[in-house]
Amino acid sequence: SLFTNLQGYSTISEGHEHFIMQLYNRIEDCFERPICSSPDAWFDVVKRVANDNNKIQKRTKNVSRCLNLGSYNYLGFAAFDEYCSPRTIECLKIFSASTCSTRVDGGTITIHTELEEHVAKFVGKPAAIVFGMGYVTNSAVLPVLIGEGGLIISDSLNHSSIVNGARGSGATIRVFQHNKPSHLERVLRENIAEGQPQNHRRWTKIIVVVEGIYSMEGELCKLSEIVAICKKYKAYVYVDEAHSIGAVGKTGKGVCELFGIDTANVDIMMGTFTKSFGSCGGYIAGSKELIEYLKYTCPAHVYAISISPPAAQQIISAIKVLLGEDGSKRGAQKIARLRENSNFFRSELQKMGFDVLGDYDSPVMPIMLYNIAKLPAFSRECLKQNVAVVVVAFPATPLLLARARICISASHSNEDLIKALEVISRVGDLLGIKYLSTTPVEI
Ligand code: PMP
């Protein structure tokens, strides 16, 4: 959790930066010793650095300005937007920040139902339900959809919220190798006999859970194959589009649009508003029956606070911009720009010899560092040159697969990207992490 906690920083105060540098320096020190042998040593490192940091934070109020290559602000809606921001502010004036009620206890106001209609229309499903938090959407909805006697087949790299929801459901869980449809089919075959009628199987139902874009890998889901396999074995398809909705597809409608898949083939479409929409919350979109069922049974709808009205307004406005309903072409331009920026950045990194994971069109690009000891130095050297990069390592990744994870935004200018590439290239030379040859191999 040490590393996962650090992943989230985006505003780099001096205290924060100092904390990260200190922490990593100590971790580097630790590497002289066998770190894994003593969990107490880790705890001690964290405690000591946190104490130092508290003192420093009291002294420093300054915030240094960095080019942010770590935020999920894929379309730039999390900054001031000429269409969204005035409406969000107006909504805050009228409705305040909170309804102070659950959805069923008077916490549903027109903006919530309006939002659900917009989401359903945007993603291409008959109905949608929204929740105050993306994480909770997965962790609270899965246990309502399936329970004991059911089977969840989950991609091995699915997000923690999915893992949490799957475990909480009481269903049997099987994991298939990351983004490998052939292995998914093997797992299905091992668990049910092909052609067996659904009501003769030993599972009440089977749900296959995948992500549209994998946030630590930058990879696009092989959805066409997965959908075909699920059809063959009569399993429901659940896709978490946290990182793909708004980010891929010609009009930002996610992986179905990108791969030309009819949304009727995906039974449960999940997504969050914390990335492309610059807001917060999550959604499930599906059939009218599914959504009606969730409204009466999902604890996160019945017992939890409704999504903040200004956050809801922000999402509605962002969707309107994406659909061109604001009367401009900005939405289409943003999506095209994100794609251009991402593909340009990825190809430049590859040309420099970096080992970059993921697919073209994905705004998430992990640069492999492998050696965990290079992680703090990478982050520190980039920060020194005012580029903020999120670095990720064990336990969020396997021990030997440490990486820096770049997230590209439509609001990065050409100059921003060129500056970032120059900085990353220099740091790459310094640390010896351009692992791939850039000269063609002669045969
Ligand atoms: N699903 C995925 C795939 C995610 O990456 C995340 C968070 N980044 C979530 C769900 C949880 O969403 P939120 O941060 O909006 O709560």
# chains A, B, ... in the order shown; residues from 1 in each chain; ligands from 1
>>> residues_near_ligand(ligand="ligand 1", cutoff="9 Å", atoms="only C-alpha atoms and all ligand atoms", output="tab-separated table (two decimals) with C-alpha atoms, in the first residue's frame")
chain	number	residue	atom	x	y	z
A	72	TYR	CA	-6.35	10.76	-15.50
A	132	GLY	CA	-21.07	8.54	-5.74
A	133	MET	CA	-17.81	6.67	-6.26
A	134	GLY	CA	-16.27	4.55	-9.01
A	135	TYR	CA	-14.59	2.16	-6.62
A	136	VAL	CA	-17.88	1.52	-4.83
A	137	THR	CA	-19.65	0.94	-8.13
A	138	ASN	CA	-17.65	-2.24	-8.73
A	158	ASN	CA	-8.40	-6.38	-12.95
A	159	HIS	CA	-8.63	-3.38	-10.64
A	160	SER	CA	-8.79	-3.70	-6.86
A	161	SER	CA	-12.45	-2.56	-6.82
A	162	ILE	CA	-13.39	-5.54	-9.03
A	210	VAL	CA	-12.66	-7.32	-17.93
A	211	GLU	CA	-11.49	-3.71	-18.28
A	212	GLY	CA	-11.66	-1.55	-21.42
A	213	ILE	CA	-8.13	-0.21	-20.92
A	214	TYR	CA	-5.91	-1.70	-18.23
A	215	SER	CA	-4.66	1.15	-16.10
A	216	MET	CA	-1.28	-0.32	-15.17
A	240	ASP	CA	-15.12	-1.71	-16.57
A	241	GLU	CA	-14.56	1.30	-18.83
A	242	ALA	CA	-12.99	3.56	-16.18
A	243	HIS	CA	-10.07	4.38	-18.48
A	270	MET	CA	-19.40	-0.02	-15.91
A	271	GLY	CA	-17.44	3.22	-15.90
A	272	THR	CA	-16.23	6.07	-13.76
A	273	PHE	CA	-16.51	9.83	-14.11
A	274	THR	CA	-13.13	10.47	-12.49
A	275	LYS	CA	-11.08	10.33	-15.64
A	279	SER	CA	-15.71	14.74	-12.06
A	280	CYS	CA	-16.35	11.92	-9.60
A	281	GLY	CA	-18.64	8.92	-9.29
A	282	GLY	CA	-19.34	5.78	-11.29
>>> residues_around(residues="Tyr303 in chain A", least_positions_apart="6", cutoff="12 Å", atoms="only C-alpha atoms", output="NGL selection string")
:A and (100-107 or 131-132 or 140 or 295-297)
>>> residues_around(residues="Leu290 in chain A", least_positions_apart="3", cutoff="12 Å", atoms="only C-alpha atoms", output="mmCIF file with N, CA and C atoms, in the first residue's frame")
data_model
loop_
_atom_site.group_PDB
_atom_site.id
_atom_site.type_symbol
_atom_site.label_atom_id
_atom_site.label_comp_id
_atom_site.auth_asym_id
_atom_site.auth_seq_id
_atom_site.Cartn_x
_atom_site.Cartn_y
_atom_site.Cartn_z
ATOM 1 N N LYS A 125 -26.844 2.267 -24.091
ATOM 2 C CA LYS A 125 -27.601 1.216 -23.392
ATOM 3 C C LYS A 125 -28.975 1.771 -23.027
ATOM 4 N N PRO A 126 -29.979 0.892 -22.790
ATOM 5 C CA PRO A 126 -31.322 1.406 -22.492
ATOM 6 C C PRO A 126 -31.413 2.209 -21.190
ATOM 7 N N ALA A 127 -30.595 1.863 -20.183
ATOM 8 C CA ALA A 127 -30.721 2.576 -18.894
ATOM 9 C C ALA A 127 -29.386 2.609 -18.166
ATOM 10 N N ALA A 128 -29.302 3.486 -17.147
ATOM 11 C CA ALA A 128 -28.066 3.587 -16.351
ATOM 12 C C ALA A 128 -28.405 3.986 -14.925
ATOM 13 N N ILE A 129 -27.502 3.663 -14.019
ATOM 14 C CA ILE A 129 -27.634 4.087 -12.622
ATOM 15 C C ILE A 129 -26.271 4.664 -12.228
ATOM 16 N N VAL A 141 -21.712 -3.375 -6.632
ATOM 17 C CA VAL A 141 -22.647 -3.922 -7.629
ATOM 18 C C VAL A 141 -22.412 -5.422 -7.856
ATOM 19 N N VAL A 144 -24.288 -7.796 -5.745
ATOM 20 C CA VAL A 144 -25.738 -7.804 -5.957
ATOM 21 C C VAL A 144 -26.081 -8.625 -7.208
ATOM 22 N N LEU A 145 -25.151 -8.660 -8.140
ATOM 23 C CA LEU A 145 -25.418 -9.362 -9.398
ATOM 24 C C LEU A 145 -25.233 -10.868 -9.277
ATOM 25 N N ASP A 267 -23.233 -7.052 -21.457
ATOM 26 C CA ASP A 267 -24.422 -7.044 -20.591
ATOM 27 C C ASP A 267 -24.349 -5.950 -19.539
ATOM 28 N N ILE A 268 -23.156 -5.778 -18.956
ATOM 29 C CA ILE A 268 -23.026 -4.784 -17.877
ATOM 30 C C ILE A 268 -21.873 -3.858 -18.239
ATOM 31 N N MET A 269 -22.210 -2.597 -18.486
ATOM 32 C CA MET A 269 -21.171 -1.621 -18.821
ATOM 33 C C MET A 269 -20.948 -0.756 -17.599
ATOM 34 N N ILE A 284 -23.326 2.206 -13.849
ATOM 35 C CA ILE A 284 -23.567 0.914 -14.490
ATOM 36 C C ILE A 284 -24.635 1.195 -15.550
ATOM 37 N N ALA A 285 -24.395 0.721 -16.757
ATOM 38 C CA ALA A 285 -25.405 0.855 -17.810
ATOM 39 C C ALA A 285 -25.754 -0.536 -18.317
ATOM 40 N N GLY A 286 -27.030 -0.757 -18.576
ATOM 41 C CA GLY A 286 -27.459 -2.079 -19.038
ATOM 42 C C GLY A 286 -28.927 -2.048 -19.418
ATOM 43 N N SER A 287 -29.565 -3.220 -19.309
ATOM 44 C CA SER A 287 -30.986 -3.295 -19.668
ATOM 45 C C SER A 287 -31.808 -2.547 -18.608
ATOM 46 N N TYR A 293 -33.488 -3.345 -11.104
ATOM 47 C CA TYR A 293 -33.117 -4.298 -10.045
ATOM 48 C C TYR A 293 -32.071 -3.677 -9.115
ATOM 49 N N LEU A 294 -31.052 -3.035 -9.718
ATOM 50 C CA LEU A 294 -29.990 -2.427 -8.897
ATOM 51 C C LEU A 294 -30.542 -1.297 -8.029
ATOM 52 N N LYS A 295 -31.522 -0.577 -8.555
ATOM 53 C CA LYS A 295 -32.083 0.555 -7.800
ATOM 54 C C LYS A 295 -32.740 0.092 -6.506
ATOM 55 N N TYR A 296 -33.273 -1.121 -6.530
ATOM 56 C CA TYR A 296 -33.958 -1.586 -5.321
ATOM 57 C C TYR A 296 -33.085 -2.462 -4.448
ATOM 58 N N THR A 297 -31.958 -2.942 -4.985
ATOM 59 C CA THR A 297 -31.196 -3.918 -4.208
ATOM 60 C C THR A 297 -29.776 -3.488 -3.872
ATOM 61 N N CYS A 298 -29.199 -2.574 -4.627
ATOM 62 C CA CYS A 298 -27.781 -2.268 -4.408
ATOM 63 C C CYS A 298 -27.620 -1.331 -3.197
#
>>> residues_around(residues="range 225-231 of chain A", least_positions_apart="2", cutoff="9 Å", atoms="only C-alpha atoms", output="PyMOL selection string")
chain A and resi 179-182+184-185+188+207-208+210+221-223+233-237+261+265-266
>>> write_last_selection(atoms="C-alpha atoms", output="PDB file, in the first residue's frame")
ATOM      1  CA  ASN A 179      -6.096 -10.227 -21.744  1.00  0.00           C
ATOM      2  CA  LYS A 180      -5.700 -13.749 -23.141  1.00  0.00           C
ATOM      3  CA  PRO A 181      -9.011 -14.893 -24.668  1.00  0.00           C
ATOM      4  CA  SER A 182      -7.653 -18.397 -25.318  1.00  0.00           C
ATOM      5  CA  LEU A 184     -10.470 -17.426 -20.775  1.00  0.00           C
ATOM      6  CA  GLU A 185     -11.946 -20.099 -23.031  1.00  0.00           C
ATOM      7  CA  LEU A 188     -14.704 -21.652 -19.155  1.00  0.00           C
ATOM      8  CA  ILE A 207     -19.963 -13.322 -15.239  1.00  0.00           C
ATOM      9  CA  VAL A 208     -16.729 -12.557 -17.076  1.00  0.00           C
ATOM     10  CA  VAL A 210     -12.656  -7.318 -17.925  1.00  0.00           C
ATOM     11  CA  CYS A 221      -9.085  -5.220 -23.913  1.00  0.00           C
ATOM     12  CA  LYS A 222      -9.442  -7.914 -26.622  1.00  0.00           C
ATOM     13  CA  LEU A 223     -13.170  -7.406 -26.402  1.00  0.00           C
ATOM     14  CA  TYR A 233     -20.484 -20.420 -23.264  1.00  0.00           C
ATOM     15  CA  LYS A 234     -23.480 -18.277 -22.266  1.00  0.00           C
ATOM     16  CA  ALA A 235     -21.611 -16.095 -19.815  1.00  0.00           C
ATOM     17  CA  TYR A 236     -22.479 -12.484 -19.043  1.00  0.00           C
ATOM     18  CA  VAL A 237     -19.921  -9.826 -20.035  1.00  0.00           C
ATOM     19  CA  ILE A 261     -18.959  -4.038 -31.282  1.00  0.00           C
ATOM     20  CA  ASN A 265     -23.141  -7.773 -26.607  1.00  0.00           C
ATOM     21  CA  VAL A 266     -21.929  -6.290 -23.341  1.00  0.00           C
TER      22      VAL A 266
END
>>> select_by_dssp(residues="range 233-310 of chain A", states="alpha helix (DSSP H)", output="ChimeraX atom specification")
/A:255-259,288-297,299-302,309-310
>>> write_last_selection(atoms="N, CA and C atoms", output="PDB file, in the first residue's frame")
ATOM      1  N   VAL A 255     -14.657   1.262 -25.690  1.00  0.00           N
ATOM      2  CA  VAL A 255     -14.100   0.156 -26.482  1.00  0.00           C
ATOM      3  C   VAL A 255     -15.082  -0.451 -27.481  1.00  0.00           C
ATOM      4  N   CYS A 256     -16.382  -0.429 -27.184  1.00  0.00           N
ATOM      5  CA  CYS A 256     -17.334  -0.985 -28.166  1.00  0.00           C
ATOM      6  C   CYS A 256     -17.276  -0.161 -29.439  1.00  0.00           C
ATOM      7  N   GLU A 257     -17.272   1.144 -29.269  1.00  0.00           N
ATOM      8  CA  GLU A 257     -17.201   2.010 -30.454  1.00  0.00           C
ATOM      9  C   GLU A 257     -15.872   1.811 -31.180  1.00  0.00           C
ATOM     10  N   LEU A 258     -14.783   1.719 -30.417  1.00  0.00           N
ATOM     11  CA  LEU A 258     -13.460   1.555 -31.020  1.00  0.00           C
ATOM     12  C   LEU A 258     -13.387   0.289 -31.870  1.00  0.00           C
ATOM     13  N   PHE A 259     -13.926  -0.813 -31.359  1.00  0.00           N
ATOM     14  CA  PHE A 259     -13.816  -2.097 -32.074  1.00  0.00           C
ATOM     15  C   PHE A 259     -15.050  -2.421 -32.922  1.00  0.00           C
ATOM     16  N   LYS A 288     -33.045  -2.191 -18.969  1.00  0.00           N
ATOM     17  CA  LYS A 288     -33.931  -1.492 -18.034  1.00  0.00           C
ATOM     18  C   LYS A 288     -34.161  -2.360 -16.793  1.00  0.00           C
ATOM     19  N   GLU A 289     -34.290  -3.679 -17.014  1.00  0.00           N
ATOM     20  CA  GLU A 289     -34.565  -4.607 -15.903  1.00  0.00           C
ATOM     21  C   GLU A 289     -33.381  -4.630 -14.942  1.00  0.00           C
ATOM     22  N   LEU A 290     -32.178  -4.696 -15.505  1.00  0.00           N
ATOM     23  CA  LEU A 290     -30.977  -4.744 -14.664  1.00  0.00           C
ATOM     24  C   LEU A 290     -30.897  -3.485 -13.790  1.00  0.00           C
ATOM     25  N   ILE A 291     -31.102  -2.336 -14.415  1.00  0.00           N
ATOM     26  CA  ILE A 291     -30.942  -1.072 -13.687  1.00  0.00           C
ATOM     27  C   ILE A 291     -32.041  -0.928 -12.625  1.00  0.00           C
ATOM     28  N   GLU A 292     -33.239  -1.327 -12.966  1.00  0.00           N
ATOM     29  CA  GLU A 292     -34.353  -1.276 -12.004  1.00  0.00           C
ATOM     30  C   GLU A 292     -34.038  -2.163 -10.798  1.00  0.00           C
ATOM     31  N   TYR A 293     -33.488  -3.345 -11.104  1.00  0.00           N
ATOM     32  CA  TYR A 293     -33.117  -4.298 -10.045  1.00  0.00           C
ATOM     33  C   TYR A 293     -32.071  -3.677  -9.115  1.00  0.00           C
ATOM     34  N   LEU A 294     -31.052  -3.035  -9.718  1.00  0.00           N
ATOM     35  CA  LEU A 294     -29.990  -2.427  -8.897  1.00  0.00           C
ATOM     36  C   LEU A 294     -30.542  -1.297  -8.029  1.00  0.00           C
ATOM     37  N   LYS A 295     -31.522  -0.577  -8.555  1.00  0.00           N
ATOM     38  CA  LYS A 295     -32.083   0.555  -7.800  1.00  0.00           C
ATOM     39  C   LYS A 295     -32.740   0.092  -6.506  1.00  0.00           C
ATOM     40  N   TYR A 296     -33.273  -1.121  -6.530  1.00  0.00           N
ATOM     41  CA  TYR A 296     -33.958  -1.586  -5.321  1.00  0.00           C
ATOM     42  C   TYR A 296     -33.085  -2.462  -4.448  1.00  0.00           C
ATOM     43  N   THR A 297     -31.958  -2.942  -4.985  1.00  0.00           N
ATOM     44  CA  THR A 297     -31.196  -3.918  -4.208  1.00  0.00           C
ATOM     45  C   THR A 297     -29.776  -3.488  -3.872  1.00  0.00           C
ATOM     46  N   PRO A 299     -26.888  -1.772  -2.180  1.00  0.00           N
ATOM     47  CA  PRO A 299     -26.749  -0.953  -0.970  1.00  0.00           C
ATOM     48  C   PRO A 299     -26.143   0.425  -1.250  1.00  0.00           C
ATOM     49  N   ALA A 300     -25.284   0.499  -2.269  1.00  0.00           N
ATOM     50  CA  ALA A 300     -24.657   1.793  -2.570  1.00  0.00           C
ATOM     51  C   ALA A 300     -25.667   2.785  -3.145  1.00  0.00           C
ATOM     52  N   HIS A 301     -26.834   2.294  -3.577  1.00  0.00           N
ATOM     53  CA  HIS A 301     -27.899   3.177  -4.053  1.00  0.00           C
ATOM     54  C   HIS A 301     -28.872   3.457  -2.903  1.00  0.00           C
ATOM     55  N   VAL A 302     -29.159   2.403  -2.158  1.00  0.00           N
ATOM     56  CA  VAL A 302     -30.193   2.514  -1.119  1.00  0.00           C
ATOM     57  C   VAL A 302     -29.673   3.227   0.131  1.00  0.00           C
ATOM     58  N   PRO A 309     -24.465  17.093  -6.445  1.00  0.00           N
ATOM     59  CA  PRO A 309     -25.103  17.739  -7.612  1.00  0.00           C
ATOM     60  C   PRO A 309     -24.129  18.455  -8.561  1.00  0.00           C
ATOM     61  N   PRO A 310     -23.170  19.259  -8.052  1.00  0.00           N
ATOM     62  CA  PRO A 310     -22.262  19.881  -9.024  1.00  0.00           C
ATOM     63  C   PRO A 310     -21.428  18.851  -9.793  1.00  0.00           C
TER      64      PRO A 310
END
>>> closest_atom_pairs(of="range 72-156 of chain A", to="range 397-420 of chain A", cutoff="8 Å", atoms="only C-alpha atoms", output="tab-separated table")
residue	atom	partner	partner_atom	distance
A:Tyr72	CA	A:Cys407	CA	6.4
A:Asn73	CA	A:Ser409	CA	6.1
A:Tyr74	CA	A:Ser409	CA	4.2
A:Leu75	CA	A:Ala410	CA	4.9
A:Gly76	CA	A:Ser411	CA	5.1
>>> select_by_dssp(residues="range 355-423 of chain A", states="strand (DSSP E)", output="compact mmCIF listing (two decimals) with C-alpha atoms, in the first residue's frame")
# COMPACT_ATOMS: atom_id res chain seq x y z
CA VAL A 364 -1.87 5.18 -20.66
CA MET A 365 1.76 4.26 -21.36
CA PRO A 366 3.93 2.51 -18.83
CA ILE A 367 7.69 2.92 -19.39
CA MET A 368 9.35 -0.18 -18.02
CA LEU A 369 12.14 0.47 -15.53
CA TYR A 370 12.19 -3.14 -14.24
CA VAL A 387 7.84 16.97 -14.95
CA ALA A 388 5.64 14.96 -12.58
CA VAL A 390 3.76 8.54 -11.43
CA VAL A 391 6.03 5.60 -10.70
CA VAL A 392 4.59 2.25 -9.72
CA ALA A 402 8.59 -1.57 -11.81
CA ARG A 403 7.49 1.14 -14.18
CA ALA A 404 6.79 4.83 -14.69
CA ARG A 405 3.22 5.31 -15.86
CA ILE A 406 2.54 8.20 -18.21
CA CYS A 407 -1.03 9.42 -18.73
>>> closest_residue(among="A:Asn68, A:Ile206, A:Asn191, A:Val389", to="Tyr238 in chain A", atoms="only C-alpha atoms")
A:Ile206
>>> closest_residue(among="A:Glu442, A:Cys91, A:Glu219, A:Ile111", to="Leu357 in chain A", atoms="only C-alpha atoms")
A:Glu219
>>> closest_residue(among="A:Phe277, A:Phe345, A:Trp203, A:Tyr360", to="Gln313 in chain A", atoms="only C-alpha atoms")
A:Phe277
>>> atom_distance(atom1="CA of Ile372 in chain A", atom2="CA of Thr439 in chain A")
27.1 Å
>>> residues_around(residues="Thr251 in chain A", least_positions_apart="6", cutoff="10 Å", atoms="only C-alpha atoms", output="JSON list (two decimals) with N, CA and C atoms, in the first residue's frame")
[["chain", "number", "residue", "atom", "x", "y", "z"],
["A", 122, "PHE", "N", -25.33, 8.14, -23.88],
["A", 122, "PHE", "CA", -23.93, 8.27, -24.32],
["A", 122, "PHE", "C", -23.28, 6.91, -24.56],
["A", 245, "ILE", "N", -13.81, 4.95, -21.32],
["A", 245, "ILE", "CA", -14.97, 5.78, -21.68],
["A", 245, "ILE", "C", -14.50, 7.24, -21.81],
["A", 257, "GLU", "N", -17.27, 1.14, -29.27],
["A", 257, "GLU", "CA", -17.20, 2.01, -30.45],
["A", 257, "GLU", "C", -15.87, 1.81, -31.18],
["A", 258, "LEU", "N", -14.78, 1.72, -30.42],
["A", 258, "LEU", "CA", -13.46, 1.55, -31.02],
["A", 258, "LEU", "C", -13.39, 0.29, -31.87],
["A", 322, "LEU", "N", -19.07, 16.43, -25.51],
["A", 322, "LEU", "CA", -18.61, 15.31, -26.34],
["A", 322, "LEU", "C", -19.58, 15.01, -27.48],
["A", 323, "LEU", "N", -20.88, 15.22, -27.21],
["A", 323, "LEU", "CA", -21.89, 14.95, -28.25],
["A", 323, "LEU", "C", -22.12, 16.15, -29.17],
["A", 324, "GLY", "N", -21.41, 17.23, -28.91],
["A", 324, "GLY", "CA", -21.56, 18.44, -29.72],
["A", 324, "GLY", "C", -22.83, 19.20, -29.39],
["A", 331, "GLY", "N", -15.78, 18.83, -28.49],
["A", 331, "GLY", "CA", -15.76, 17.45, -28.02],
["A", 331, "GLY", "C", -14.99, 16.55, -28.97],
["A", 332, "ALA", "N", -15.39, 16.63, -30.24],
["A", 332, "ALA", "CA", -14.72, 15.80, -31.26],
["A", 332, "ALA", "C", -13.25, 16.16, -31.34],
["A", 333, "GLN", "N", -12.96, 17.46, -31.20],
["A", 333, "GLN", "CA", -11.56, 17.89, -31.29],
["A", 333, "GLN", "C", -10.74, 17.33, -30.12],
["A", 334, "LYS", "N", -11.35, 17.35, -28.93],
["A", 334, "LYS", "CA", -10.65, 16.84, -27.75],
["A", 334, "LYS", "C", -10.30, 15.36, -27.94],
["A", 335, "ILE", "N", -11.28, 14.60, -28.42],
["A", 335, "ILE", "CA", -11.05, 13.15, -28.57],
["A", 335, "ILE", "C", -9.96, 12.90, -29.63],
["A", 336, "ALA", "N", -10.05, 13.64, -30.73],
["A", 336, "ALA", "CA", -9.03, 13.47, -31.78],
["A", 336, "ALA", "C", -7.66, 13.86, -31.24]]
>>> atom_distance(atom1="CA of Val163 in chain A", atom2="CA of Arg186 in chain A")
20.8 Å
>>> residues_around(residues="Asp361 in chain A", least_positions_apart="4", cutoff="9 Å", atoms="only C-alpha atoms", output="number ranges by chain")
A: 220, 247-249, 338-340, 342-343
>>> write_last_selection(atoms="C-alpha atoms", output="compact mmCIF listing (two decimals), in the first residue's frame")
# COMPACT_ATOMS: atom_id res chain seq x y z
CA LEU A 220 -6.84 -2.30 -24.80
CA ALA A 247 -10.93 8.26 -24.10
CA VAL A 248 -11.26 5.88 -27.06
CA GLY A 249 -13.67 5.41 -29.96
CA LEU A 338 -6.09 12.83 -27.16
CA ARG A 339 -5.55 10.15 -29.75
CA GLU A 340 -2.95 12.20 -31.67
CA SER A 342 -1.09 9.57 -27.21
CA ASN A 343 0.08 8.04 -30.45
>>> residues_around(residues="Glu381 in chain A", least_positions_apart="3", cutoff="12 Å", atoms="only C-alpha atoms", output="ChimeraX atom specification")
/A:17,21,374-378,384-389,423-431
